[in-house]
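Reproduced below: query-v9.cif, with mmCIF, C-alpha atoms.
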```cif
data_upload
#
loop_
_atom_site.label_atom_id
_atom_site.label_comp_id
_atom_site.auth_asym_id
_atom_site.auth_seq_id
_atom_site.Cartn_x
_atom_site.Cartn_y
_atom_site.Cartn_z
CA MET A 67 102.68 59.77 -75.62
CA THR A 68 99.80 57.31 -75.84
CA GLU A 69 100.46 53.59 -75.47
CA GLU A 70 101.08 51.52 -78.59
CA ASN A 71 99.10 48.35 -78.06
CA LYS A 72 98.99 46.65 -81.40
CA VAL A 73 100.73 48.46 -84.18
CA THR A 74 100.07 46.72 -87.45
CA PHE A 75 102.14 46.99 -90.58
CA GLY A 76 102.73 50.66 -91.35
CA ARG A 77 99.55 51.95 -89.77
CA SER A 78 99.05 53.63 -86.47
CA SER A 79 96.44 51.86 -84.38
CA ILE A 80 95.86 54.86 -82.17
CA GLU A 81 92.23 55.37 -83.08
CA ASP A 82 91.55 58.45 -81.05
CA ILE A 83 93.75 60.68 -83.19
CA PRO A 84 91.39 63.01 -85.08
CA ARG A 85 91.81 62.76 -88.78
CA GLU A 86 90.03 65.01 -91.22
CA GLU A 87 87.83 63.20 -93.76
CA LYS A 88 89.46 64.76 -96.80
CA ASP A 89 92.91 63.83 -95.56
CA LYS A 90 92.12 60.12 -95.18
CA ASP A 91 93.57 59.12 -98.54
CA SER A 92 96.60 61.37 -98.35
CA GLY A 93 97.16 60.08 -94.80
CA ASN A 94 97.53 56.53 -96.14
CA THR A 95 99.97 57.66 -98.82
CA ASP A 96 102.03 59.44 -96.18
CA GLU A 97 102.26 56.24 -94.19
CA LEU A 98 103.26 54.28 -97.26
CA ASP A 99 105.97 56.85 -97.91
CA ALA A 100 107.12 56.46 -94.34
CA ILE A 101 107.49 52.69 -94.75
CA LYS A 102 109.30 53.29 -98.05
CA GLU A 103 111.74 55.66 -96.38
CA LEU A 104 112.57 53.67 -93.33
CA GLY A 105 111.26 50.15 -93.83
CA LYS A 106 110.20 49.54 -90.23
CA SER A 107 107.24 47.49 -89.20
CA THR A 108 105.80 45.65 -86.24
CA ILE A 109 104.35 42.20 -86.49
CA THR A 110 102.00 40.99 -83.81
CA SER A 111 101.29 37.32 -83.30
CA SER A 112 100.34 35.03 -80.46
CA LYS A 113 103.91 33.70 -80.37
CA GLY A 114 105.22 37.14 -79.43
CA ASN A 115 105.49 40.70 -80.67
CA ILE A 116 108.53 41.30 -82.81
CA HIS A 117 109.96 44.33 -84.49
CA CYS A 118 111.78 44.29 -87.79
CA LEU A 119 114.66 46.64 -88.47
CA THR A 120 116.10 46.94 -91.96
CA ILE A 121 119.67 48.12 -92.51
CA ILE A 122 119.85 49.35 -96.07
CA GLY A 123 122.17 51.19 -98.42
CA GLN A 124 124.95 53.12 -96.73
CA VAL A 125 125.17 53.53 -92.99
CA GLU A 126 125.30 57.30 -92.72
CA GLY A 127 127.73 58.75 -90.25
CA HIS A 128 128.51 62.32 -89.33
CA ILE A 129 128.13 63.73 -92.82
CA ILE A 130 124.84 63.79 -94.71
CA LEU A 131 125.47 61.83 -97.86
CA PRO A 132 124.34 63.16 -101.24
CA PRO A 133 120.82 62.19 -102.31
CA GLN A 134 121.86 59.47 -104.77
CA ASN A 135 122.67 57.30 -101.75
CA LYS A 136 120.10 55.31 -99.84
CA THR A 137 121.02 55.59 -96.22
CA THR A 138 120.42 54.12 -92.80
CA LYS A 139 120.39 56.89 -90.26
CA TYR A 140 121.99 55.81 -87.00
CA GLU A 141 120.48 58.74 -85.10
CA HIS A 142 117.07 57.20 -85.69
CA VAL A 143 118.01 53.53 -85.41
CA ILE A 144 119.70 53.85 -82.01
CA PRO A 145 116.76 55.39 -80.10
CA GLN A 146 114.53 52.80 -81.78
CA LEU A 147 116.76 50.07 -80.35
CA VAL A 148 116.45 51.70 -76.93
CA ALA A 149 112.67 51.73 -77.30
CA ILE A 150 112.60 48.09 -78.39
CA GLU A 151 114.81 47.07 -75.47
CA GLU A 152 112.68 48.78 -72.87
CA ASP A 153 109.17 48.29 -74.26
CA GLN A 154 107.61 45.44 -72.34
CA GLU A 155 105.31 44.55 -75.19
CA ILE A 156 108.12 43.88 -77.67
CA ASP A 157 109.63 40.43 -77.32
CA GLY A 158 112.28 40.26 -80.01
CA LEU A 159 113.96 41.92 -82.96
CA LEU A 160 114.59 40.73 -86.51
CA VAL A 161 117.37 42.65 -88.27
CA VAL A 162 117.31 42.38 -92.06
CA LEU A 163 120.45 43.54 -93.85
CA ASN A 164 121.10 44.56 -97.41
CA THR A 165 123.86 47.09 -97.09
CA VAL A 166 127.04 48.17 -98.87
CA GLY A 167 128.66 49.33 -95.66
CA GLY A 168 129.22 52.91 -94.61
CA ASP A 169 130.58 54.86 -91.70
CA VAL A 170 132.68 52.69 -89.37
CA GLU A 171 131.66 54.34 -86.09
CA ALA A 172 127.95 54.55 -86.88
CA GLY A 173 127.99 50.91 -87.99
CA LEU A 174 129.85 49.75 -84.88
CA ALA A 175 127.51 51.84 -82.72
CA ILE A 176 124.47 50.06 -84.15
CA ALA A 177 126.25 46.70 -83.92
CA GLU A 178 127.17 47.22 -80.25
CA MET A 179 123.64 48.32 -79.41
CA ILE A 180 122.22 45.17 -80.99
CA ALA A 181 124.85 42.92 -79.38
CA THR A 182 124.11 44.25 -75.89
CA MET A 183 120.33 43.94 -76.02
CA SER A 184 118.83 41.51 -73.53
CA LYS A 185 115.93 40.60 -75.82
CA PRO A 186 116.32 37.87 -78.46
CA THR A 187 117.68 39.15 -81.78
CA VAL A 188 118.12 37.38 -85.10
CA SER A 189 119.72 38.79 -88.24
CA LEU A 190 119.13 37.89 -91.86
CA VAL A 191 121.59 38.93 -94.56
CA LEU A 192 119.87 39.23 -97.92
CA GLY A 193 121.50 40.47 -101.09
CA GLY A 194 124.62 41.90 -99.49
CA GLY A 195 126.09 42.47 -96.05
CA HIS A 196 129.34 44.12 -96.98
CA SER A 197 132.09 45.88 -95.06
CA ILE A 198 130.61 47.38 -91.90
CA GLY A 199 127.52 45.22 -92.53
CA VAL A 200 129.56 42.26 -91.26
CA PRO A 201 129.73 43.43 -87.60
CA MET A 202 126.04 44.34 -87.72
CA ALA A 203 125.09 40.90 -89.05
CA VAL A 204 127.02 39.00 -86.36
CA ALA A 205 125.86 41.26 -83.52
CA THR A 206 122.57 39.42 -83.06
CA ASP A 207 122.07 36.29 -80.95
CA TYR A 208 121.74 34.22 -84.10
CA SER A 209 122.51 35.08 -87.71
CA PHE A 210 121.24 33.81 -91.04
CA ILE A 211 122.43 34.39 -94.57
CA ALA A 212 120.40 33.76 -97.69
CA HIS A 213 121.99 31.29 -100.12
CA SER A 214 122.51 33.98 -102.76
CA ALA A 215 123.68 36.73 -100.42
CA THR A 216 127.29 37.90 -100.31
CA MET A 217 129.51 39.48 -97.71
CA THR A 218 132.66 41.32 -98.73
CA ILE A 219 135.47 41.24 -96.17
CA HIS A 220 138.07 43.88 -96.95
CA PRO A 221 140.39 46.26 -95.09
CA ILE A 222 139.36 49.74 -94.04
CA ARG A 223 140.47 52.42 -96.47
CA LEU A 224 140.70 56.16 -96.02
CA SER A 225 139.97 58.40 -98.95
CA GLY A 226 141.48 61.83 -99.30
CA MET A 227 144.84 63.07 -98.16
CA ILE A 228 146.90 60.56 -96.29
CA ILE A 229 150.10 61.55 -94.57
CA GLY A 230 152.55 58.72 -95.14
CA ILE A 231 154.04 58.32 -91.68
CA PRO A 232 154.03 55.28 -89.38
CA GLN A 233 151.41 56.84 -87.12
CA THR A 234 148.87 56.82 -89.96
CA TYR A 235 149.25 53.09 -90.39
CA GLU A 236 149.08 52.48 -86.66
CA TYR A 237 145.86 54.50 -86.61
CA PHE A 238 144.46 52.38 -89.40
CA ASP A 239 145.50 49.24 -87.68
CA LYS A 240 143.65 50.35 -84.54
CA MET A 241 140.52 51.21 -86.51
CA GLN A 242 140.67 47.89 -88.25
CA GLU A 243 141.25 46.05 -84.95
CA ARG A 244 137.95 47.43 -83.65
CA VAL A 245 136.13 45.68 -86.46
CA VAL A 246 138.18 42.45 -86.32
CA GLN A 247 137.76 42.09 -82.57
CA PHE A 248 134.03 42.80 -82.64
CA VAL A 249 133.46 40.22 -85.37
CA SER A 250 135.59 37.50 -83.76
CA LYS A 251 134.00 38.14 -80.37
CA ASN A 252 130.46 37.83 -81.76
CA SER A 253 130.89 34.90 -84.14
CA ARG A 254 132.76 31.62 -84.45
CA ILE A 255 135.48 32.98 -86.72
CA THR A 256 138.91 33.62 -85.18
CA SER A 257 140.52 37.04 -85.54
CA GLU A 258 143.46 35.45 -87.39
CA LYS A 259 141.14 33.84 -89.93
CA PHE A 260 139.16 37.05 -90.36
CA ARG A 261 142.32 39.05 -90.94
CA GLU A 262 143.45 36.43 -93.44
CA LEU A 263 140.19 36.79 -95.37
CA MET A 264 140.55 40.56 -95.23
CA LEU A 265 143.97 40.56 -96.84
CA LYS A 266 143.49 37.84 -99.43
CA THR A 267 144.62 38.83 -102.91
CA GLY A 268 143.12 37.80 -106.23
CA GLU A 269 139.42 37.86 -105.43
CA LEU A 270 138.42 41.50 -105.61
CA ALA A 271 139.11 43.55 -108.72
CA ASN A 272 140.32 46.75 -107.08
CA ASP A 273 141.12 45.78 -103.53
CA VAL A 274 142.34 42.94 -101.34
CA GLY A 275 139.77 40.89 -99.54
CA THR A 276 137.28 38.07 -99.93
CA VAL A 277 133.73 37.76 -101.16
CA LEU A 278 131.93 35.14 -99.12
CA PHE A 279 128.73 33.91 -100.55
CA GLY A 280 125.95 32.11 -98.75
CA GLU A 281 127.27 28.78 -97.50
CA GLU A 282 130.89 30.03 -97.34
CA ALA A 283 130.03 32.56 -94.67
CA VAL A 284 128.64 29.75 -92.54
CA ARG A 285 131.61 27.50 -93.25
CA TYR A 286 134.07 30.12 -91.99
CA GLY A 287 132.06 30.52 -88.80
CA LEU A 288 131.02 34.09 -89.55
CA ILE A 289 127.29 33.43 -89.87
CA ASP A 290 125.43 30.75 -87.94
CA GLU A 291 123.20 29.25 -90.62
CA THR A 292 122.00 29.61 -94.20
CA GLY A 293 118.34 30.31 -94.45
CA GLY A 294 115.65 32.76 -95.33
CA LEU A 295 112.72 34.56 -93.84
CA SER A 296 110.80 31.60 -92.44
CA GLU A 297 113.89 30.12 -90.78
CA ALA A 298 114.87 33.47 -89.29
CA LEU A 299 111.37 34.08 -87.90
CA LYS A 300 111.12 30.56 -86.54
CA LYS A 301 114.47 30.96 -84.78
CA LEU A 302 113.43 34.30 -83.32
CA TYR A 303 110.17 32.91 -81.96
CA ASP A 304 112.08 29.91 -80.55
CA LEU A 305 114.48 32.24 -78.75
CA ILE A 306 111.56 34.29 -77.43
CA GLU A 307 109.86 31.09 -76.17
CA LEU A 308 113.12 29.96 -74.55
CA LYS A 309 113.52 33.27 -72.75
CA LYS A 310 109.93 33.24 -71.54
CA SER A 311 110.19 29.69 -70.17
CA LYS A 312 113.54 30.46 -68.55
CA SER A 313 112.16 33.48 -66.71
CA ALA A 314 109.04 31.51 -65.77
CA SER A 315 111.13 28.70 -64.21
CA GLU A 316 113.27 31.25 -62.37
CA GLY A 317 110.09 32.77 -60.98
CA ASN A 318 108.94 29.32 -59.83
CA LYS A 319 112.29 28.63 -58.17
CA ARG A 320 112.05 31.87 -56.23
CA GLY A 321 108.52 30.92 -55.22
CA GLU A 322 109.75 27.55 -53.94
CA LEU A 323 112.52 29.10 -51.86
CA GLN A 324 109.95 31.30 -50.18
CA MET B 6 134.93 59.90 -90.84
CA ILE B 7 135.96 56.56 -92.28
CA LEU B 8 133.72 55.20 -95.00
CA TYR B 9 134.02 51.42 -94.85
CA SER B 10 132.14 50.35 -97.93
CA ILE B 11 132.62 48.50 -101.19
CA VAL B 12 131.21 51.51 -103.04
CA PRO B 13 134.13 53.80 -104.05
CA SER B 14 134.02 57.26 -102.48
CA GLU B 15 133.74 59.08 -105.79
CA VAL B 16 130.44 57.28 -106.41
CA VAL B 17 129.17 57.90 -102.89
CA PHE B 18 130.04 61.56 -102.78
CA GLY B 19 129.76 62.29 -106.49
CA ASP B 20 129.94 65.94 -107.32
CA TYR B 21 129.40 67.12 -103.77
CA SER B 22 129.16 70.81 -104.66
CA ALA B 23 126.47 70.21 -107.28
CA ASN B 24 124.02 68.81 -104.72
CA PRO B 25 123.82 71.32 -101.90
CA VAL B 26 122.11 69.90 -98.84
CA SER B 27 118.64 71.44 -98.75
CA ALA B 28 118.25 73.84 -95.89
CA SER B 29 116.58 72.19 -92.97
CA MET B 30 114.85 73.80 -90.06
CA GLU B 31 113.45 72.68 -86.77
CA MET B 32 109.83 72.83 -85.83
CA ASP B 33 107.40 71.25 -83.44
CA TYR B 34 105.07 68.56 -84.69
CA MET B 35 102.72 66.53 -82.51
CA GLY B 36 104.56 67.82 -79.48
CA TYR B 37 107.98 66.64 -80.66
CA ARG B 38 110.88 68.54 -82.11
CA VAL B 39 111.53 67.53 -85.71
CA GLN B 40 114.08 68.65 -88.25
CA VAL B 41 112.34 69.18 -91.59
CA SER B 42 113.10 70.22 -95.13
CA ALA B 43 110.64 72.38 -97.02
CA LEU B 44 108.72 70.98 -99.97
CA PRO B 45 106.42 72.84 -102.39
CA ASN B 46 102.76 73.35 -101.41
CA ASN B 47 103.59 74.31 -97.85
CA GLN B 48 104.57 70.72 -97.06
CA TYR B 49 107.56 69.49 -95.17
CA VAL B 50 109.45 66.22 -95.08
CA ILE B 51 110.81 65.00 -91.76
CA ASN B 52 114.58 64.49 -91.83
CA ARG B 53 115.11 63.68 -88.21
CA LEU B 54 113.30 63.37 -84.91
CA ILE B 55 114.91 65.05 -81.92
CA SER B 56 113.54 63.58 -78.74
CA THR B 57 114.65 61.87 -75.56
CA SER B 58 111.64 59.59 -75.53
CA PRO B 59 112.62 56.28 -77.15
CA LYS B 60 108.94 55.45 -77.75
CA ALA B 61 108.63 58.41 -80.12
CA TYR B 62 111.16 56.83 -82.48
CA LEU B 63 108.83 53.87 -82.99
CA ASP B 64 105.86 56.01 -83.97
CA PRO B 65 105.33 55.62 -87.74
CA ARG B 66 104.07 59.18 -88.04
CA LEU B 67 107.42 60.59 -86.92
CA GLN B 68 109.73 58.56 -89.14
CA PRO B 69 112.23 60.36 -91.39
CA GLY B 70 110.68 60.71 -94.81
CA THR B 71 107.16 61.42 -93.58
CA VAL B 72 105.54 64.32 -95.37
CA ILE B 73 103.69 66.65 -93.06
CA ARG B 74 101.62 69.76 -93.49
CA LYS B 75 101.80 72.70 -91.14
#
```

Would you mind giving the structure from this file in structure tokens?
Amino acid sequence: MTEENKVTFGRSSIEDIPREEKDKDSGNTDELDAIKELGKSTITSSKGNIHCLTIIGQVEGHIILPPQNKTTKYEHVIPQLVAIEEDQEIDGLLVVLNTVGGDVEAGLAIAEMIATMSKPTVSLVLGGGHSIGVPMAVATDYSFIAHSATMTIHPIRLSGMIIGIPQTYEYFDKMQERVVQFVSKNSRITSEKFRELMLKTGELANDVGTVLFGEEAVRYGLIDETGGLSEALKKLYDLIELKKSKSASEGNKRGELQ
Amino acid sequence: MILYSIVPSEVVFGDYSANPVSASMEMDYMGYRVQVSALPNNQYVINRLISTSPKAYLDPRLQPGTVIRK
């Protein structure tokens, strides 16, 4: 696989790939379709190379969802996160969220991957960051929410046949605990407060829970700051700069000891 | 599989039997294994990349949704 030196928005910079003359136009359309499908892009600047990952629609789990759903496919996102973590030319990751939730395990898998990356990560919740979008939004080093964005906190539900025995509820409780603990561990909200928001009555029409919008998410300690694209990018570049200067000073220290 | 979403499951799944998942097959493209669905005009759309090379997942030509010709 040839090296990616400077991949610009949606286009491959690998110039030595032969491309037939008549396919030039259709090649561009294919690339535009690819961006449309997955929404990934690389931005190169002198401040650092960052990647941008968008989490959209439903997070698809082990079942392929019907075509009316827009989905985020974890089987593609996770290897991309591995590549971003190990590629020396990529300095940081911006995660943009506008999701209605989805599969619990796929969502937690992506969230854990993001949380355990050594490179600087910043998230930006736009539109909505509901349900399993909450763990994914707080997984980054720093999180932003747009003023008009909302995050719905509600309990996990199972659709289909439920056997009404105590073990079912204990199972649910365990599943729910996974989410509660991840969120409280990766943000400034306590697990008690998060559970309280989850079980609040009177806000949602057909469920218990809370809709936090913009500033409220920050007030409860779930998200770090309200802001938009420029703030999120500035924060990411600041974190990249901080990491670079930290590793530079560590290198100097080692040099002095020698 | 637990669907943790504000969208009710009847909207997500809809009439599941009415939308059969289009048959997908595996083939090799650019040296990588891809899972594709057939389109008219001998074209295919990539559903999934199957590879152990993380770098491949960043290549825009191998993203799910890319239409390829074989």

Can you tell me which residues surround segment 179-187 of chain A at a distance of at most 7 Å, considering only C-alpha atoms, apart from same-chain residues fewer than 3 positions away, and format the answer as a list in words? Glu151, Asp157, Gly158, Leu159, Leu160, Ala175, Ile176, Ala205, Thr206, Asp207, Tyr208, Leu302, Leu305 and Ile306 of chain A

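Interface residues on chain B toward chain A (cut-off 6 Å, only C-alpha atoms): B:Ile7, B:Leu8, B:Tyr9, B:Ser10, B:Pro59, B:Lys60, B:Tyr62, B:Leu63, B:Gly70, B:Thr71.
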
Residues matched by the PyMOL selection byres ((chain B and resi 32-38) around 12) as an mmCIF file with C-alpha atoms, keeping the file's coordinate frame:
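Heads up, here's the output in out-v6.cif:
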```cif
data_model
loop_
_atom_site.group_PDB
_atom_site.id
_atom_site.type_symbol
_atom_site.label_atom_id
_atom_site.label_comp_id
_atom_site.auth_asym_id
_atom_site.auth_seq_id
_atom_site.Cartn_x
_atom_site.Cartn_y
_atom_site.Cartn_z
ATOM 1 C CA MET A 67 102.680 59.770 -75.620
ATOM 2 C CA THR A 68 99.800 57.310 -75.840
ATOM 3 C CA ILE A 83 93.750 60.680 -83.190
ATOM 4 C CA SER B 29 116.580 72.190 -92.970
ATOM 5 C CA MET B 30 114.850 73.800 -90.060
ATOM 6 C CA GLU B 31 113.450 72.680 -86.770
ATOM 7 C CA VAL B 39 111.530 67.530 -85.710
ATOM 8 C CA GLN B 40 114.080 68.650 -88.250
ATOM 9 C CA VAL B 41 112.340 69.180 -91.590
ATOM 10 C CA SER B 42 113.100 70.220 -95.130
ATOM 11 C CA ALA B 43 110.640 72.380 -97.020
ATOM 12 C CA TYR B 49 107.560 69.490 -95.170
ATOM 13 C CA VAL B 50 109.450 66.220 -95.080
ATOM 14 C CA ILE B 51 110.810 65.000 -91.760
ATOM 15 C CA ASN B 52 114.580 64.490 -91.830
ATOM 16 C CA ARG B 53 115.110 63.680 -88.210
ATOM 17 C CA LEU B 54 113.300 63.370 -84.910
ATOM 18 C CA ILE B 55 114.910 65.050 -81.920
ATOM 19 C CA SER B 56 113.540 63.580 -78.740
ATOM 20 C CA THR B 57 114.650 61.870 -75.560
ATOM 21 C CA SER B 58 111.640 59.590 -75.530
ATOM 22 C CA PRO B 59 112.620 56.280 -77.150
ATOM 23 C CA LYS B 60 108.940 55.450 -77.750
ATOM 24 C CA ALA B 61 108.630 58.410 -80.120
ATOM 25 C CA TYR B 62 111.160 56.830 -82.480
ATOM 26 C CA ASP B 64 105.860 56.010 -83.970
ATOM 27 C CA ARG B 66 104.070 59.180 -88.040
ATOM 28 C CA LEU B 67 107.420 60.590 -86.920
ATOM 29 C CA GLN B 68 109.730 58.560 -89.140
ATOM 30 C CA THR B 71 107.160 61.420 -93.580
ATOM 31 C CA VAL B 72 105.540 64.320 -95.370
ATOM 32 C CA ILE B 73 103.690 66.650 -93.060
ATOM 33 C CA ARG B 74 101.620 69.760 -93.490
ATOM 34 C CA LYS B 75 101.800 72.700 -91.140
#
```

Leaving out segment 281-295 of chain A and any residue of its chain fewer than 3 positions from it, which residues lie within 8 Å of it when counting only C-alpha atoms, given as a ChimeraX atom specification? /A:190,203-204,208-213,217,249,253-255,278,298-299

Just to be explicit: take each residue in the selection above, keep C-alpha atoms, and write the result as a CSV table (one decimal), in the coordinates of the input.
```
chain,number,residue,atom,x,y,z
A,190,LEU,CA,119.1,37.9,-91.9
A,203,ALA,CA,125.1,40.9,-89.0
A,204,VAL,CA,127.0,39.0,-86.4
A,208,TYR,CA,121.7,34.2,-84.1
A,209,SER,CA,122.5,35.1,-87.7
A,210,PHE,CA,121.2,33.8,-91.0
A,211,ILE,CA,122.4,34.4,-94.6
A,212,ALA,CA,120.4,33.8,-97.7
A,213,HIS,CA,122.0,31.3,-100.1
A,217,MET,CA,129.5,39.5,-97.7
A,249,VAL,CA,133.5,40.2,-85.4
A,253,SER,CA,130.9,34.9,-84.1
A,254,ARG,CA,132.8,31.6,-84.4
A,255,ILE,CA,135.5,33.0,-86.7
A,278,LEU,CA,131.9,35.1,-99.1
A,298,ALA,CA,114.9,33.5,-89.3
A,299,LEU,CA,111.4,34.1,-87.9
```
